[in-house]
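Colleague: If it helps, the file is called protein-v6.txt and holds compact mmCIF, C-alpha atoms:
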```txt
# COMPACT_ATOMS: atom_id res chain seq x y z
CA MET A 201 13.72 13.06 47.62
CA PHE A 202 11.29 15.16 45.61
CA LYS A 203 11.45 12.82 42.67
CA ASN A 204 8.26 10.98 43.54
CA ALA A 205 6.40 14.23 43.98
CA ILE A 206 7.76 15.56 40.68
CA ALA A 207 6.80 12.37 38.86
CA LYS A 208 3.29 12.49 40.26
CA ALA A 209 2.83 16.14 39.39
CA SER A 210 4.44 15.89 35.95
CA ALA A 211 2.20 13.02 34.95
CA LYS A 212 -0.76 15.38 35.27
CA SER A 213 0.75 18.17 33.18
CA PRO A 214 2.72 17.01 30.16
CA TRP A 215 3.85 20.18 28.45
CA ILE A 216 3.89 20.30 24.69
CA TYR A 217 6.43 21.95 22.48
CA HIS A 218 5.28 22.32 18.91
CA ILE A 219 7.81 22.63 16.11
CA ASN A 220 6.77 23.31 12.54
CA THR A 221 9.27 21.82 10.10
CA GLY A 222 7.73 23.13 6.92
CA SER A 223 4.13 22.19 7.48
CA CYS A 224 1.34 23.69 5.37
CA ASN A 225 -0.29 24.94 8.62
CA GLY A 226 -3.22 22.54 8.36
CA CYS A 227 -2.03 20.31 11.17
CA ASP A 228 -0.80 23.31 13.18
CA ILE A 229 -4.28 24.78 13.16
CA GLU A 230 -5.75 21.48 14.28
CA LEU A 231 -3.29 21.36 17.17
CA VAL A 232 -4.37 24.85 18.19
CA ALA A 233 -8.01 23.75 17.89
CA VAL A 234 -7.25 21.02 20.41
CA LEU A 235 -6.24 23.68 22.93
CA THR A 236 -9.35 25.81 22.42
CA PRO A 237 -12.39 25.52 24.74
CA ARG A 238 -14.15 23.29 22.22
CA TYR A 239 -11.73 20.36 22.70
CA ASP A 240 -9.84 21.75 25.69
CA ALA A 241 -6.78 19.54 25.95
CA GLU A 242 -5.86 21.39 29.13
CA ARG A 243 -8.33 19.07 30.87
CA PHE A 244 -5.52 16.54 30.71
CA GLY A 245 -2.85 19.07 31.57
CA PHE A 246 -1.54 19.56 28.03
CA LYS A 247 -0.16 23.05 27.71
CA LEU A 248 1.97 24.69 25.08
CA ALA A 249 5.44 25.43 26.44
CA GLY A 250 7.35 28.45 25.21
CA THR A 251 10.71 26.75 25.02
CA PRO A 252 11.88 23.19 24.32
CA ARG A 253 13.69 23.17 27.69
CA HIS A 254 10.31 23.09 29.45
CA ALA A 255 8.77 20.48 27.19
CA ASP A 256 7.85 16.86 27.87
CA ILE A 257 6.20 16.13 24.55
CA VAL A 258 7.54 17.42 21.25
CA VAL A 259 5.03 17.64 18.43
CA ILE A 260 6.57 17.75 14.97
CA SER A 261 4.52 18.80 11.96
CA GLY A 262 5.72 19.20 8.41
CA PRO A 263 7.88 17.17 6.05
CA VAL A 264 11.26 18.39 7.47
CA THR A 265 12.59 20.82 4.89
CA LEU A 266 16.30 21.36 4.35
CA GLN A 267 16.03 24.74 6.05
CA SER A 268 14.36 23.34 9.14
CA ARG A 269 16.39 20.14 9.51
CA ASP A 270 19.25 21.63 11.54
CA ARG A 271 16.82 23.65 13.63
CA LEU A 272 14.83 20.51 14.37
CA ILE A 273 17.93 18.63 15.52
CA ARG A 274 19.05 21.59 17.63
CA THR A 275 15.61 21.90 19.22
CA LEU A 276 15.36 18.20 20.01
CA GLU A 277 18.77 18.31 21.68
CA GLN A 278 17.45 20.88 24.14
CA VAL A 279 14.49 18.81 25.26
CA PRO A 280 15.29 17.11 28.58
CA GLU A 281 14.78 13.40 29.18
CA PRO A 282 12.31 11.83 29.60
CA ARG A 283 10.75 13.11 26.42
CA CYS A 284 8.19 11.88 23.95
CA ILE A 285 8.18 12.70 20.27
CA VAL A 286 4.92 12.84 18.36
CA THR A 287 4.54 13.31 14.62
CA LEU A 288 1.51 15.27 13.52
CA GLY A 289 -0.05 14.35 10.19
CA SER A 290 1.26 12.37 7.26
CA CYS A 291 4.12 14.72 6.35
CA PRO A 292 6.77 13.94 9.00
CA GLN A 293 6.19 10.21 8.57
CA SER A 294 6.51 9.99 4.81
CA GLY A 295 6.74 13.41 3.18
CA ASN A 296 3.18 13.10 1.89
CA VAL A 297 2.77 14.89 -1.47
CA PHE A 298 6.18 16.51 -1.04
CA LYS A 299 8.10 13.24 -1.11
CA GLY A 300 10.86 13.20 -3.65
CA SER A 301 11.33 16.96 -3.48
CA TYR A 302 14.88 18.28 -3.47
CA SER A 303 14.21 20.29 -0.32
CA VAL A 304 12.41 17.68 1.76
CA GLU A 305 14.18 15.30 4.14
CA ALA A 306 11.26 13.12 5.27
CA PRO A 307 10.80 10.79 7.11
CA VAL A 308 11.64 12.35 10.44
CA GLU A 309 12.72 8.94 11.80
CA GLN A 310 16.21 9.61 10.42
CA PHE A 311 16.77 12.27 13.07
CA CYS A 312 14.94 10.95 16.13
CA ASP A 313 12.87 8.05 17.47
CA VAL A 314 9.18 8.69 17.04
CA ASP A 315 6.99 7.45 19.88
CA VAL A 316 3.54 8.17 18.53
CA ALA A 317 2.41 8.73 14.95
CA ILE A 318 -0.78 10.69 14.36
CA ALA A 319 -2.04 10.20 10.82
CA GLY A 320 -4.31 12.48 8.86
CA CYS A 321 -4.07 15.27 6.35
CA ALA A 322 -4.88 17.30 8.29
CA CYS A 323 -5.62 15.29 11.41
CA LYS A 324 -8.93 15.58 13.20
CA PRO A 325 -8.68 17.23 16.65
CA GLU A 326 -10.08 14.05 18.21
CA THR A 327 -7.22 12.09 16.66
CA VAL A 328 -4.72 14.61 18.02
CA ILE A 329 -6.16 14.27 21.54
CA GLU A 330 -5.96 10.49 21.23
CA GLY A 331 -2.35 10.66 20.10
CA LEU A 332 -1.31 13.10 22.82
CA TYR A 333 -3.04 10.95 25.42
CA LYS A 334 -1.05 7.96 24.18
CA ALA A 335 2.12 10.05 24.32
CA ALA A 336 1.41 11.06 27.91
CA GLN A 337 1.10 7.42 28.90
CA ILE A 338 4.38 6.56 27.18
CA LEU A 339 5.98 9.53 28.91
CA GLU A 340 4.89 8.23 32.29
CA GLU A 341 6.40 4.83 31.56
CA LYS A 342 9.62 6.45 30.40
CA ARG A 343 9.83 8.62 33.49
CA ALA A 344 9.30 5.63 35.80
CA ALA A 345 12.03 3.71 33.97
CA LEU A 346 14.42 6.66 34.11
CA TYR A 347 13.93 7.26 37.84
CA LYS A 348 14.36 3.59 38.57
CA LYS A 349 17.65 3.64 36.70
CA GLU A 350 18.82 6.73 38.59
CA LYS A 351 17.91 5.17 41.92
CA GLU A 352 19.97 2.09 41.14
CA ALA A 353 22.89 4.28 40.12
CA ASP A 354 22.65 6.20 43.42
CA LYS A 355 22.75 2.99 45.45
CA LYS A 356 25.99 1.96 43.78
CA MET B 37 -26.71 50.96 35.41
CA LYS B 38 -26.50 48.74 32.33
CA LEU B 39 -25.25 45.18 32.43
CA PRO B 40 -24.79 44.26 28.77
CA PHE B 41 -23.45 40.74 29.29
CA LEU B 42 -25.84 39.70 32.03
CA PRO B 43 -28.23 37.76 29.75
CA ILE B 44 -25.31 35.88 28.14
CA ALA B 45 -23.75 35.16 31.52
CA LEU B 46 -27.04 33.84 32.87
CA LYS B 47 -27.62 31.74 29.76
CA ASN B 48 -24.16 30.19 29.95
CA ALA B 49 -24.45 29.54 33.66
CA PHE B 50 -27.37 27.20 33.06
CA SER B 51 -26.35 25.66 29.70
CA LYS B 52 -24.21 22.60 29.02
CA PRO B 53 -20.44 23.11 28.67
CA SER B 54 -19.33 23.69 25.10
CA THR B 55 -16.32 21.41 25.50
CA VAL B 56 -16.62 18.07 23.77
CA ASN B 57 -16.13 15.34 26.34
CA PHE B 58 -14.12 13.46 23.77
CA PRO B 59 -12.21 10.42 24.97
CA ALA B 60 -14.91 9.65 27.55
CA GLU B 61 -17.72 9.89 24.99
CA MET B 62 -16.67 8.64 21.58
CA HIS B 63 -18.69 9.96 18.69
CA ASP B 64 -18.82 9.17 15.00
CA ALA B 65 -17.31 11.48 12.44
CA LYS B 66 -19.58 13.76 10.45
CA PRO B 67 -21.02 12.37 7.21
CA ASN B 68 -18.63 12.38 4.26
CA TYR B 69 -15.61 12.54 6.57
CA LYS B 70 -12.68 10.77 4.92
CA GLY B 71 -10.78 8.62 7.35
CA ARG B 72 -9.01 5.28 7.34
CA ILE B 73 -9.12 3.49 4.00
CA ALA B 74 -10.98 0.18 3.83
CA TYR B 75 -9.98 -2.14 1.02
CA ASP B 76 -11.94 -5.13 -0.21
CA PRO B 77 -9.54 -7.42 -2.08
CA GLU B 78 -12.40 -9.62 -3.31
CA LYS B 79 -13.86 -6.79 -5.40
CA CYS B 80 -10.51 -5.55 -6.74
CA VAL B 81 -9.61 -6.50 -10.31
CA ASN B 82 -6.02 -5.30 -9.97
CA CYS B 83 -6.22 -2.62 -12.65
CA GLY B 84 -3.83 -0.35 -10.72
CA MET B 85 -5.76 2.85 -11.37
CA CYS B 86 -5.67 3.80 -7.66
CA ILE B 87 -1.87 3.62 -7.68
CA LYS B 88 -1.75 5.84 -10.73
CA VAL B 89 -4.03 8.57 -9.35
CA CYS B 90 -2.51 8.62 -5.85
CA ALA B 91 -0.56 11.87 -5.54
CA PRO B 92 1.55 11.01 -2.46
CA GLU B 93 2.26 7.45 -3.68
CA ALA B 94 0.63 5.97 -0.61
CA ILE B 95 -0.54 2.81 -2.38
CA THR B 96 1.86 -0.02 -3.13
CA ARG B 97 1.21 -3.29 -4.91
CA THR B 98 3.27 -6.45 -4.59
CA PHE B 99 3.04 -9.69 -6.51
CA GLU B 100 3.97 -13.04 -5.06
CA GLU B 101 3.88 -16.32 -6.92
CA THR B 102 2.17 -19.09 -4.96
CA PRO B 103 1.13 -22.60 -6.04
CA GLU B 104 -2.55 -21.50 -6.10
CA GLY B 105 -1.90 -18.49 -8.34
CA THR B 106 -0.50 -14.99 -8.10
CA LYS B 107 -0.96 -13.38 -4.70
CA ILE B 108 -1.63 -9.68 -5.12
CA THR B 109 -1.20 -7.47 -2.08
CA TYR B 110 -2.28 -3.84 -1.88
CA ALA B 111 -1.00 -1.68 0.96
CA PHE B 112 -2.51 1.71 1.75
CA ASP B 113 -0.21 3.73 4.00
CA MET B 114 -2.28 6.07 6.18
CA CYS B 115 0.95 7.79 7.20
CA SER B 116 1.41 8.86 3.59
CA CYS B 117 -2.19 9.46 2.54
CA THR B 118 -3.71 12.88 1.94
CA PHE B 119 -7.24 11.49 2.32
CA CYS B 120 -8.27 13.15 -0.94
CA GLY B 121 -10.48 10.19 -1.90
CA THR B 122 -9.34 10.09 -5.53
CA CYS B 123 -8.57 6.37 -5.32
CA GLN B 124 -12.12 5.78 -4.12
CA ASP B 125 -13.57 7.84 -6.97
CA PHE B 126 -11.47 6.11 -9.61
CA CYS B 127 -12.10 2.56 -8.38
CA GLU B 128 -14.80 1.28 -10.69
CA GLU B 129 -15.23 -1.90 -8.68
CA LYS B 130 -15.76 0.11 -5.47
CA ALA B 131 -13.09 -1.91 -3.68
CA ILE B 132 -11.72 1.16 -1.91
CA THR B 133 -13.73 3.20 0.58
CA LEU B 134 -12.63 5.97 2.89
CA THR B 135 -14.42 5.17 6.12
CA GLY B 136 -15.34 7.54 8.95
CA ASP B 137 -12.79 5.90 11.24
CA TYR B 138 -10.62 8.69 12.60
CA HIS B 139 -8.71 6.73 15.28
CA LEU B 140 -5.49 7.05 13.35
CA THR B 141 -2.84 7.01 16.04
CA ALA B 142 -0.23 4.34 16.59
CA THR B 143 3.05 3.86 18.36
CA ASP B 144 4.21 1.84 15.36
CA PRO B 145 3.48 3.45 11.97
CA LYS B 146 3.06 -0.03 10.48
CA ASP B 147 -0.24 -0.31 12.33
CA LEU B 148 -1.56 2.49 10.15
CA VAL B 149 -1.18 0.55 6.91
CA THR B 150 -4.30 -1.04 5.46
CA VAL B 151 -3.27 -4.26 3.77
CA GLY B 152 -5.40 -6.54 1.63
CA SER B 153 -4.37 -9.47 -0.49
CA ARG B 154 -5.96 -12.13 -2.58
CA ILE B 155 -4.94 -14.87 -4.92
CA LYS B 156 -5.78 -14.34 -8.55
CA GLN B 157 -5.36 -16.67 -11.47
CA ILE B 158 -3.89 -14.23 -13.96
CA PRO B 159 -4.75 -15.45 -17.48
CA LYS B 160 -1.66 -16.87 -19.11
CA GLY B 161 -2.56 -16.00 -22.68
CA ASP B 162 -2.36 -12.57 -24.25
CA LEU B 163 -5.35 -10.36 -24.98
CA ILE B 164 -6.76 -11.00 -28.46
CA CYS B 165 -9.51 -9.40 -30.50
CA GLY B 166 -11.90 -11.42 -32.66
CA ASP B 167 -13.46 -10.77 -36.08
CA ALA B 168 -16.65 -9.20 -34.66
CA CYS B 169 -14.75 -6.05 -33.66
CA VAL B 170 -16.39 -2.77 -34.77
CA PHE B 171 -13.38 -0.63 -33.71
CA CYS B 172 -15.51 1.45 -31.33
CA GLY B 173 -12.47 2.16 -29.11
CA LEU B 174 -14.28 1.52 -25.81
CA CYS B 175 -11.60 -0.97 -24.78
CA ALA B 176 -8.86 1.60 -25.33
CA LYS B 177 -10.80 4.12 -23.26
CA VAL B 178 -11.31 1.82 -20.28
CA CYS B 179 -7.75 0.42 -20.24
CA PRO B 180 -5.99 1.74 -17.10
CA GLU B 181 -2.55 1.18 -18.59
CA GLY B 182 -3.23 2.59 -22.05
CA ALA B 183 -2.11 -0.67 -23.62
CA ILE B 184 -4.77 -0.78 -26.34
CA THR B 185 -4.78 1.45 -29.40
CA VAL B 186 -7.68 1.45 -31.83
CA ASP B 187 -7.59 3.26 -35.15
CA ARG B 188 -11.06 3.62 -36.58
CA ALA B 189 -9.88 4.98 -39.92
CA THR B 190 -7.59 2.10 -40.79
CA LYS B 191 -9.62 -0.43 -38.77
CA THR B 192 -6.72 -1.68 -36.71
CA TRP B 193 -6.70 -2.94 -33.15
CA THR B 194 -3.38 -3.37 -31.37
CA CYS B 195 -2.47 -4.26 -27.84
CA ASP B 196 0.88 -3.66 -26.17
CA HIS B 197 1.17 -6.93 -24.24
CA SER B 198 4.05 -5.62 -22.14
CA LYS B 199 1.77 -2.91 -20.74
CA CYS B 200 -1.35 -5.09 -20.31
CA VAL B 201 -1.96 -6.11 -16.67
CA LYS B 202 -4.77 -8.53 -17.64
CA CYS B 203 -7.37 -6.89 -15.43
CA GLY B 204 -10.18 -7.82 -17.81
CA LYS B 205 -11.85 -4.39 -17.78
CA CYS B 206 -11.83 -4.17 -21.59
CA ILE B 207 -13.44 -7.60 -21.89
CA ALA B 208 -16.27 -6.50 -19.60
CA LYS B 209 -16.72 -3.26 -21.54
CA CYS B 210 -16.62 -4.67 -25.10
CA PRO B 211 -20.10 -4.32 -26.65
CA LYS B 212 -19.43 -7.06 -29.23
CA LYS B 213 -17.91 -9.49 -26.69
CA THR B 214 -15.10 -10.12 -29.11
CA LEU B 215 -12.17 -9.62 -26.71
CA SER B 216 -10.70 -12.56 -24.85
CA PHE B 217 -7.51 -13.92 -23.42
CA ALA B 218 -5.89 -16.41 -25.76
CA GLU B 219 -5.76 -19.96 -24.51
CA PRO B 220 -2.16 -20.66 -23.63
CA ALA B 221 -0.48 -23.24 -25.79
CA PRO B 222 -0.62 -26.65 -24.09
CA GLU B 223 2.64 -27.67 -22.48
CA GLY B 224 4.44 -30.83 -23.36
CA VAL B 225 7.85 -32.45 -23.69
CA LEU B 226 9.93 -30.89 -26.46
CA PHE B 227 12.56 -32.97 -28.24
CA ASP B 228 15.92 -31.73 -29.53
CA GLU B 229 17.07 -33.98 -32.35
CA GLU B 230 20.67 -32.70 -32.38
CA LYS B 231 21.39 -33.43 -28.73
CA CYS B 232 19.74 -36.86 -28.54
CA VAL B 233 21.94 -39.98 -28.60
CA TYR B 234 18.93 -42.36 -28.50
CA CYS B 235 19.99 -43.97 -25.23
CA THR B 236 16.31 -44.90 -24.43
CA LEU B 237 16.70 -43.70 -20.82
CA CYS B 238 13.70 -41.42 -21.22
CA ALA B 239 11.51 -44.29 -22.39
CA LYS B 240 12.57 -46.33 -19.35
CA LYS B 241 11.89 -43.40 -16.96
CA CYS B 242 8.43 -42.68 -18.34
CA PRO B 243 5.81 -43.97 -15.85
CA ASN B 244 3.14 -44.10 -18.56
CA GLY B 245 5.19 -45.65 -21.36
CA ALA B 246 4.42 -42.71 -23.60
CA ILE B 247 7.88 -42.51 -25.19
CA THR B 248 9.12 -44.95 -27.80
CA VAL B 249 12.72 -44.81 -28.98
CA ASP B 250 14.01 -46.79 -31.92
CA ARG B 251 17.80 -47.04 -31.59
CA PRO B 252 18.68 -48.59 -34.99
CA ASN B 253 16.47 -46.20 -36.98
CA LYS B 254 17.20 -43.22 -34.71
CA THR B 255 13.64 -42.13 -34.18
CA TRP B 256 12.03 -40.68 -31.08
CA ALA B 257 8.25 -40.52 -30.63
CA ILE B 258 5.90 -39.51 -27.87
CA ASP B 259 2.25 -40.28 -27.32
CA ARG B 260 0.88 -36.86 -26.26
CA ASP B 261 -2.34 -38.37 -24.92
CA ALA B 262 -0.50 -40.73 -22.57
CA CYS B 263 2.08 -38.08 -21.48
CA THR B 264 1.21 -36.32 -18.20
CA VAL B 265 4.12 -33.81 -18.48
CA CYS B 266 5.56 -35.11 -15.20
CA GLY B 267 9.10 -34.18 -16.23
CA LEU B 268 10.77 -37.44 -15.20
CA CYS B 269 12.18 -37.97 -18.69
CA VAL B 270 13.57 -34.42 -18.72
CA LYS B 271 15.35 -35.05 -15.43
CA GLY B 272 16.63 -38.44 -16.59
CA CYS B 273 18.02 -37.30 -19.96
CA PRO B 274 21.84 -37.34 -19.80
CA LYS B 275 22.18 -35.08 -22.86
CA LYS B 276 19.51 -32.56 -21.86
CA ALA B 277 17.78 -33.12 -25.17
CA LEU B 278 14.33 -32.87 -23.59
CA GLU B 279 12.57 -29.90 -22.06
CA ILE B 280 9.09 -28.86 -21.05
CA GLY B 281 7.58 -25.97 -22.98
CA PRO B 282 4.60 -24.83 -24.99
CA LEU B 283 3.82 -27.20 -27.82
CA PRO B 284 3.93 -25.89 -31.39
CA ALA B 285 0.54 -25.29 -32.93
CA GLU B 286 -0.99 -27.82 -35.29
CA GLY B 287 -2.12 -26.04 -38.44
CA ALA B 288 -2.25 -22.29 -39.08
CA ALA B 289 -5.81 -21.65 -37.85
CA LYS B 290 -4.67 -20.95 -34.31
CA PRO B 291 -4.52 -17.41 -32.80
CA ALA B 292 -1.53 -15.16 -33.28
CA PRO B 293 0.84 -16.09 -30.39
CA ALA B 294 0.63 -19.78 -31.20
CA ALA B 295 0.93 -19.12 -34.94
CA GLU B 296 4.19 -17.25 -34.39
CA ALA B 297 5.69 -20.27 -32.72
CA ALA B 298 4.64 -22.58 -35.53
CA PRO B 299 7.12 -21.58 -38.30
CA ALA B 300 10.09 -22.06 -36.00
CA GLU B 301 9.10 -25.62 -35.29
CA ALA B 302 7.88 -26.44 -38.78
CA PRO B 303 11.21 -27.54 -40.33
CA LYS B 304 11.61 -30.20 -37.67
CA GLU B 305 8.32 -31.83 -38.54
CA GLU B 306 9.27 -32.25 -42.14
```
Rewrite the structure of this file - the entire thing - as structure tokens.

Modeller:
Amino acid sequence: MFKNAIAKASAKSPWIYHINTGSCNGCDIELVAVLTPRYDAERFGFKLAGTPRHADIVVISGPVTLQSRDRLIRTLEQVPEPRCIVTLGSCPQSGNVFKGSYSVEAPVEQFCDVDVAIAGCACKPETVIEGLYKAAQILEEKRAALYKKEKEADKK
Amino acid sequence: MKLPFLPIALKNAFSKPSTVNFPAEMHDAKPNYKGRIAYDPEKCVNCGMCIKVCAPEAITRTFEETPEGTKITYAFDMCSCTFCGTCQDFCEEKAITLTGDYHLTATDPKDLVTVGSRIKQIPKGDLICGDACVFCGLCAKVCPEGAITVDRATKTWTCDHSKCVKCGKCIAKCPKKTLSFAEPAPEGVLFDEEKCVYCTLCAKKCPNGAITVDRPNKTWAIDRDACTVCGLCVKGCPKKALEIGPLPAEGAAKPAPAAEAAPAEAPKEE
């Protein structure tokens, strides 16, 4: 009965969980810059969540190193549906300059479906806001589809 | 009582907010910002230097044979690029530019690939050097593939034709204008004496009557001026004695690639 209220409220505050899978920190800093007063992504309700269990949007940065691969999979398993996965920068999409390395497992598409790709090395904060905004819209669509499915299941 | 932050508080109360009102008010990137790559295929000479200097291997080149010529496609993957701008710096034709476009988000990563293609008539002949050469070595310096070697001491000029991509940069750079692509040997119908049974089918097939076959004397002749190299005789030959290929050179004054073919064919002419 509260589902409509939850959907309405959640649409206005998509929480972000940021996981660094071996990034050089360039993109991580840009993501933090997005949350500072200068760009203030909290205008749209974006907020860093402390745990993947609270997250709606997962932001992955880094070329997925061998060490971080299992942690990434484990983290993604904990994120509840509906969720949206965003790749930050060139690294998770292709491996960037690290491609071909013995310790890099890029692209991240092998482990999960990516909803939004944000390109850049490192990405501009404006680009990050654009990407997160896109992700929030996708999240809303996913949530509507999920709730519709659950409703139909309840009727049966 | 002292209020140390009062002036700052008052100033901020009446000033504009420091937050950038971004998606509502789009603004251009700062000058010299390196964003999405723009590629002009018309300017590109297909030297491949950008591919060589690209550290993350974000640039790929594909060749496709079409009836109009070779279709060359360059793809710049923004999801792989480091935006270092080295490709732009190394492109002598200025075909690559890193624009200030920073809207680099997509739900499908394929949307972030800049693709440009064009059809180029790649010269068929190999690169040759004429007599006017002064062995300055400029051609070797400008070659993106390192195919040319020039030895000033021994006055030799050599080109590794397997490496040459026929971009034409050396020809443009040559101060003596002595470099050129050799004219390809003209194509025509080649005759194999050993396979032929002189059935005259080829002469009957020929729409221009260019072939004359003498059965009793076992001779086969073709009028090269009348022949249009249509290939009907080749298709009609039951013994596969005919084929289309580069004609052997007449005389020894021709450039090197044609001259090499000449000795092989010479015994047949005798």

Colleague: Could you name the residues that touch Val328 of chain A at 10 Å or less, counting all atoms listed in the file, but leaving out those on the same chain fewer than 4 positions away, as a list in words?

Modeller: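 Surrounding residues, per the criterion: Cys227, Glu230, Leu231, Ala233, Val234, Ala241, Val286, Thr287, Leu288, Gly289, Ala317, Ile318, Ala319, Gly320, Cys323, Lys324, Leu332, Tyr333 and Lys334 of chain A; Tyr138, His139, Leu140 and Thr141 of chain B.
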
Colleague: Please compute the atom CA of Lys156 of chain B-atom CA of Thr135 of chain B distance, one decimal, in Å.

Modeller: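 Value for the atom CA of Lys156 of chain B-atom CA of Thr135 of chain B distance: 25.9 Å.
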
Colleague: What's around Thr96 of chain B at 7 Å? Count all atoms listed in the file, leave out sequence neighbours fewer than 5 positions away in its own chain, and write the answer as a list in words.

Modeller: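 Those residues are Ile87, Tyr110, Ala111 and Phe112 of chain B.
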
Colleague: I need the residues from that last selection saved to file as a PDB file, keeping the file's coordinate frame (with C-alpha atoms), if you can.

Modeller:
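Everything below was put into out_29.pdb:
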```
ATOM      1  CA  ILE B  87      -1.870   3.620  -7.680  1.00  0.00           C
ATOM      2  CA  TYR B 110      -2.280  -3.840  -1.880  1.00  0.00           C
ATOM      3  CA  ALA B 111      -1.000  -1.680   0.960  1.00  0.00           C
ATOM      4  CA  PHE B 112      -2.510   1.710   1.750  1.00  0.00           C
TER       5      PHE B 112
END
```

Colleague: Using all atoms listed in the file, I'd like every residue of chain B that has an atom within 12 Å of chain A; please write them out as a PyMOL selection string.

Modeller: chain B and resi 53-66+69-73+90-95+113-121+136-149

Colleague: If you measure from atom CA of Lys177 of chain B to atom CA of Ser198 of chain B, what distance in Å do you get, rounded to one decimal?

Modeller: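 Computing the Euclidean distance for atom CA of Lys177 of chain B and atom CA of Ser198 of chain B yields 17.8 Å.
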
Colleague: When you count all atoms listed in the file, which of these residues is closest to Cys200 of chain B: B:Gly84, B:Gly245, B:Gly272, B:Pro103?

Modeller: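 Closest residue, counting all atoms listed in the file: B:Gly84.
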
Colleague: Residues within 12 Å of (-8.9, 4.5, -36.6), file coordinates, counting only C-alpha atoms: what are they? Give the list as a ChimeraX atom specification.

Modeller: /B:170-173,176,185-194

Colleague: Work out how far apart atom CA of Asp196 of chain B and atom CA of Ile184 of chain B are and give it in Å to one decimal.

Modeller: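 That distance, rounded to one decimal, is 6.3 Å.
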
Colleague: Check the smallest atom-to-atom distance from each of A:Ala205, A:Leu235, A:Ala344, A:Val264 to Ser223 of chain A using all atoms listed in the file, then report the winner.

Modeller: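 Going through A:Ala205, A:Leu235, A:Ala344, A:Val264 one by one, the smallest distance to Ser223 of chain A is for A:Val264.
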
Colleague: Would you mind listing what lies within 6 Å of segment 274-284 of chain B as a count of residues only, with only C-alpha atoms counted and same-chain residues fewer than 2 positions away left out?

Modeller: 12

Colleague: Could you give me, as a CSV table (one decimal) with C-alpha atoms, in the coordinates of the input, the residues that sit within 9 Å of (4.2, 17.5, 20.8) in the file's coordinates, counting only C-alpha atoms?

Modeller:
```csv
chain,number,residue,atom,x,y,z
A,215,TRP,CA,3.8,20.2,28.4
A,216,ILE,CA,3.9,20.3,24.7
A,217,TYR,CA,6.4,22.0,22.5
A,218,HIS,CA,5.3,22.3,18.9
A,219,ILE,CA,7.8,22.6,16.1
A,248,LEU,CA,2.0,24.7,25.1
A,255,ALA,CA,8.8,20.5,27.2
A,256,ASP,CA,7.8,16.9,27.9
A,257,ILE,CA,6.2,16.1,24.6
A,258,VAL,CA,7.5,17.4,21.2
A,259,VAL,CA,5.0,17.6,18.4
A,260,ILE,CA,6.6,17.8,15.0
A,261,SER,CA,4.5,18.8,12.0
A,284,CYS,CA,8.2,11.9,24.0
A,285,ILE,CA,8.2,12.7,20.3
A,286,VAL,CA,4.9,12.8,18.4
A,287,THR,CA,4.5,13.3,14.6
A,288,LEU,CA,1.5,15.3,13.5
A,332,LEU,CA,-1.3,13.1,22.8
A,335,ALA,CA,2.1,10.0,24.3
```

Colleague: Residues near Thr255 of chain B, anyone? I mean within 12 Å using all atoms listed in the file, not counting same-chain ones fewer than 6 positions away, as JSON, numbers by chain.

Modeller: {"B": [227, 228, 229, 230, 232, 233, 234, 235, 236, 247, 248, 249]}

Colleague: Residues at most 10 Å from Thr109 of chain B, counting only C-alpha atoms, excluding those fewer than 2 positions away in the same chain, as a PyMOL selection string?

Modeller: chain B and resi 77+82+96-100+106-107+111+151-155

Colleague: For C-alpha atoms, please extract segment 334-352 of chain A from the block and return it as a PDB file, in the first residue's frame.

Modeller:
```pdb
ATOM      1  CA  LYS A 334      20.144   9.852 -17.043  1.00  0.00           C
ATOM      2  CA  ALA A 335      20.624   7.018 -14.560  1.00  0.00           C
ATOM      3  CA  ALA A 336      17.940   8.449 -12.278  1.00  0.00           C
ATOM      4  CA  GLN A 337      15.479   8.497 -15.152  1.00  0.00           C
ATOM      5  CA  ILE A 338      16.298   4.894 -16.050  1.00  0.00           C
ATOM      6  CA  LEU A 339      15.911   3.969 -12.396  1.00  0.00           C
ATOM      7  CA  GLU A 340      12.428   5.463 -12.328  1.00  0.00           C
ATOM      8  CA  GLU A 341      11.421   3.457 -15.382  1.00  0.00           C
ATOM      9  CA  LYS A 342      12.850   0.298 -13.851  1.00  0.00           C
ATOM     10  CA  ARG A 343      11.029   0.872 -10.584  1.00  0.00           C
ATOM     11  CA  ALA A 344       7.703   1.438 -12.367  1.00  0.00           C
ATOM     12  CA  ALA A 345       8.199  -1.772 -14.358  1.00  0.00           C
ATOM     13  CA  LEU A 346       9.144  -3.740 -11.242  1.00  0.00           C
ATOM     14  CA  TYR A 347       6.136  -2.549  -9.229  1.00  0.00           C
ATOM     15  CA  LYS A 348       3.815  -3.282 -12.111  1.00  0.00           C
ATOM     16  CA  LYS A 349       5.166  -6.813 -12.259  1.00  0.00           C
ATOM     17  CA  GLU A 350       4.726  -7.275  -8.506  1.00  0.00           C
ATOM     18  CA  LYS A 351       1.165  -5.996  -8.655  1.00  0.00           C
ATOM     19  CA  GLU A 352       0.283  -8.504 -11.356  1.00  0.00           C
TER      20      GLU A 352
END
```
